[in-house]
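Step one of this worksheet: look at the structure below.
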Protein chains: 2
Amino acid sequence: MTISREGTNLDPWFGHYADRTSGLSASEVRALFAVASRPEVVSLAGGMPFVSALPLDTVSSSMERVMRDRGPAALQYGSGQGTPELREHILEIMALEGIRAGVDDVVVTTGSQQALDLVAKLFLNPGDVVLAESPSYVGAMGIFRSYQAEVAHVAMDADGMIPQALTEAIQSLRAQGKSLKLLYLIPNFHNPAGVTLSSERRLAIIDIARSEGILILEDNPYGLLWFDRPAPAAMRSVEQDGIVYLGSFSKTLAPGFRVGWALAPHAIREKLVLAAEAAILSPSSLNQMIISDYLDHADWKGQIDVFRGLYRERRDAMLEALEQQLPDLTWTVPNGGFYVWLTLGEGLDSKAMLPRAVKELVAYTPGTAFFADGSGRGHLRLSFCYPTPAEIKEGVRRLASVVRDERELLETFHATGPTRIISLDQHVTSPPPGLA
Amino acid sequence: MTISREGTNLDPWFGHYADRTSGLSASEVRALFAVASRPEVVSLAGGMPFVSALPLDTVSSSMERVMRDRGPAALQYGSGQGTPELREHILEIMALEGIRAGVDDVVVTTGSQQALDLVAKLFLNPGDVVLAESPSYVGAMGIFRSYQAEVAHVAMDADGMIPQALTEAIQSLRAQGKSLKLLYLIPNFHNPAGVTLSSERRLAIIDIARSEGILILEDNPYGLLWFDRPAPAAMRSVEQDGIVYLGSFSKTLAPGFRVGWALAPHAIREKLVLAAEAAILSPSSLNQMIISDYLDHADWKGQIDVFRGLYRERRDAMLEALEQQLPDLTWTVPNGGFYVWLTLGEGLDSKAMLPRAVKELVAYTPGTAFFADGSGRGHLRLSFCYPTPAEIKEGVRRLASVVRDERELLETFHATGPTRIISLDQHVTSPPPGLA
């Protein structure tokens, strides 16, 4: 046998990949990161926390202390589950959201993204279904797809996922013979929708999941970053056996450490540790010890207050700019986190509009990134986490100008009847109607 | 539907796991790490590098400089592929083993273990076969199993994998209708076998893999840690399209950073980046920048020489002790790396002997850990990387005493005829023959 060179694909290993590899594709967010990194572009696209607000000297002191006092241990392999010291700290942090757990229940991971990946690996066979909000986090859907699972979106409104819609989705999917494995939720300050699941709905959804035998995956990277009032208690605070909870230091401290965690029921946690060890042997001892030292020595709760104030100011700047610049559109009003979800008027297409927006030096994430089926063209996600209030206002001003231009174009087309489709093979010698 | 509680399993999610999860099991090395961490035990079991030999002040200075000059970037998310600066450095390091590549061909990962995991995820369908040396690295086999692939061992001798045995294994597996996806090799200072694949065999094996259309996975964490003469040039130095090469900073610098890499042909590399982003978004910016700074400012080649001298001295101590204490056994003589592979005499069982060895305060890794089918009881792996020469001598002395006791026991049994098998269900009221 020689290496197959099937079709016109230039990859000599084309026929050799696993079936699951066909689910890998470059996300729209990926292309955006490249575009939006040009300094003249105001990026309302990414989800980068504003780490410059950290006390860098304090973080440096923690590094220095760790290297001075425990250098060889910090540079060595560690436990696959994470250091007991950091896991103790993680319990303290989760207690702020009402969660009580034991230090053995926590598994430290390479960001909570890796925890998502490991849970998906443990539970998802090809064809299994993950229920998720509509829209949902692009990075989670990428993982589910990479294990050949399907994502079924469940409707949400300003109070988060709608329990009745969940019940209906479950019934409908079961009637189709689908295997429902996970219910993936971001209850607080949702990415991308910006909304928060109400207390009542948390309880209702827990009841549904329990009676239907579906494991809840509660992803909570933003919970402590509230603006006007604290988020409701975590779902994990009222239900233990049916929830794997994911937390992260990426938003409350810094993503550059790549340290997050999973809190899981005992039997699942045992398997998570084995899966984590298989994947990376152990998380970085150094980074775990730096974070532990920071939590021991710094005013970390005060620092989270600093972040809350900073992001609240930016959220306010964005909402104010939207009201001034795009008063006839609608958007969600987040009480925390990083994101506003904007609904465009009829006929506008956030994906098609993006290149024109970037030409006008503003970037956003089109709604299509957050739906497994490619829908969402009528929406877009605006991030207020990284740019300054002044940049946010300028960004929204540019966006509004792009939206106005799009509408004008749309009205011109509309006035001359439906657009004629021009085939790419067709040599156009005269301009199509409406462009003349 | 309610949560299934099948059989006697107490895990309420018992029936919900993915099929692949059944392949997850605690390795024997795992249990050993716990046992061998007691200070009175001389551990010849683990593979921990001796990081205390690092210039800790120099590493600290790099951290300080990174935080002072580029703190916010170090604490931020980064590129999924890794920083261009570190990838440039990685090219320099690989050039020491004859490899020429472009900076775009490198993907930085959470240790080379994650690179192994991602390559396995990209290529392995359930039932696919990975060809590997006999024995092979326990952590790689754990990954292959976690994607439901089978490992087929290929015979090796003091010059590494035997090309003729590889050809025969391929023919036999193809005749059984198996899908052969990867040929996993550790050509230099093999873990656990301690041997090095000869130059001639590297070429022969590349030829076989090329003509059979099997992708080579060249895992080379130890290549720069040679003792008496440099290792032959990397296989990747003579073949580009058919090899994914894995490298690591864990042995030449420190495992606590969890930074390794893959070097892959273009089309595979593109998929690797997508898989890496799905799994962890991006590797730690902080750790990559610290390593880059260290490579810019420290005498890192001199430091590798320090490690080479240190490990050579420990290897010599181990070989000398084996010659003195266990002259009638056989073992491999490594020219680099961390491990000696010991063959026990007839009838001895390294797995059964381990509890008695630990009782005598010496630990090793039984050969069974390194075979997918649980064979290997006649062998064990001895590590000389972490203990001092004096500890190594004492450890081998204790091991020899355990081996002597085992032999005496064996001879006693032998003298009274073959051991009678006692069923666990049978109530034994009198001692079996030989124990009376």
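Ordered as shown in the structure tokens, chains take letters A, B, and onward, while each chain numbers its residues from 1 and ligands are numbered from 1 in the order shown.
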
Exercise answer, chain B residues close to chain A, 6 Å and only C-alpha atoms, as a ChimeraX atom specification: /B:1-3,11,17-18,21,51-52,72,74-77,113-114,117,122-125,143,211-213,254-258,267,278-280,284-286

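By chain and then residue number, the residues within 7 Å of Glu218 of chain B are B:Tyr184, B:Leu185, B:Ile186, B:Ile216, B:Asn220, B:Ile243, B:Val244, B:Tyr245, B:Leu246, counting only C-alpha atoms and disregarding those fewer than 2 positions away in sequence.
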
Could you take the residues named above and write them with N, CA and C atoms, as a short mmCIF file (atom, residue, chain, number, x, y, z; two decimals), in the first residue's frame?
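Writing done, so here's again13.cif:
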data_model
loop_
_atom_site.label_atom_id
_atom_site.label_comp_id
_atom_site.auth_asym_id
_atom_site.auth_seq_id
_atom_site.Cartn_x
_atom_site.Cartn_y
_atom_site.Cartn_z
N TYR B 184 4.58 4.46 16.43
CA TYR B 184 5.07 5.29 17.53
C TYR B 184 6.44 4.80 17.98
N LEU B 185 7.42 5.70 17.95
CA LEU B 185 8.80 5.34 18.26
C LEU B 185 9.44 6.34 19.22
N ILE B 186 10.28 5.84 20.11
CA ILE B 186 11.15 6.70 20.92
C ILE B 186 12.58 6.28 20.54
N ILE B 216 4.77 8.09 10.94
CA ILE B 216 5.66 7.88 12.08
C ILE B 216 5.45 8.99 13.11
N ASN B 220 10.77 12.35 21.05
CA ASN B 220 12.19 12.52 21.38
C ASN B 220 12.44 13.48 22.55
N ILE B 243 6.44 12.15 8.98
CA ILE B 243 6.76 12.11 10.41
C ILE B 243 6.13 13.29 11.15
N VAL B 244 5.49 12.99 12.27
CA VAL B 244 5.19 14.02 13.26
C VAL B 244 6.20 13.83 14.37
N TYR B 245 6.95 14.88 14.65
CA TYR B 245 8.03 14.83 15.63
C TYR B 245 7.58 15.53 16.91
N LEU B 246 7.87 14.93 18.06
CA LEU B 246 7.48 15.53 19.34
C LEU B 246 8.70 15.88 20.18
#

Backbone-only DSSP, strand (DSSP E) members of segment 176-228 of chain A, as an NGL selection string: :A and (180-185 or 215-219)

Atom-to-atom span, atom CA of Leu326 of chain B and atom CA of Arg398 of chain B, Å: 10.8 Å

Closest of A:Ala352, A:Ala45, A:Ala155, A:Ala369 to Val403 of chain A - atom-to-atom distances counting only C-alpha atoms: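 Looking at the shortest contact to Val403 of chain A, the residue is A:Ala352.
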
Expected answer as an NGL selection string: helix (DSSP H, G or I) residues in segment 64-244 of chain A: :A and (64-74 or 84-95 or 103-105 or 111-123 or 138-146 or 163-175 or 199-212 or 235-237)

Ala152 of chain A surroundings by only C-alpha atoms, 7 Å radius, close-in-sequence under 6 positions cut, as a count of residues only: 4

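Nearest to Ala95 of chain B of all the residues B:Ala149, B:Val306, B:Ala234, B:Ile205 is B:Ala234, counting only C-alpha atoms.
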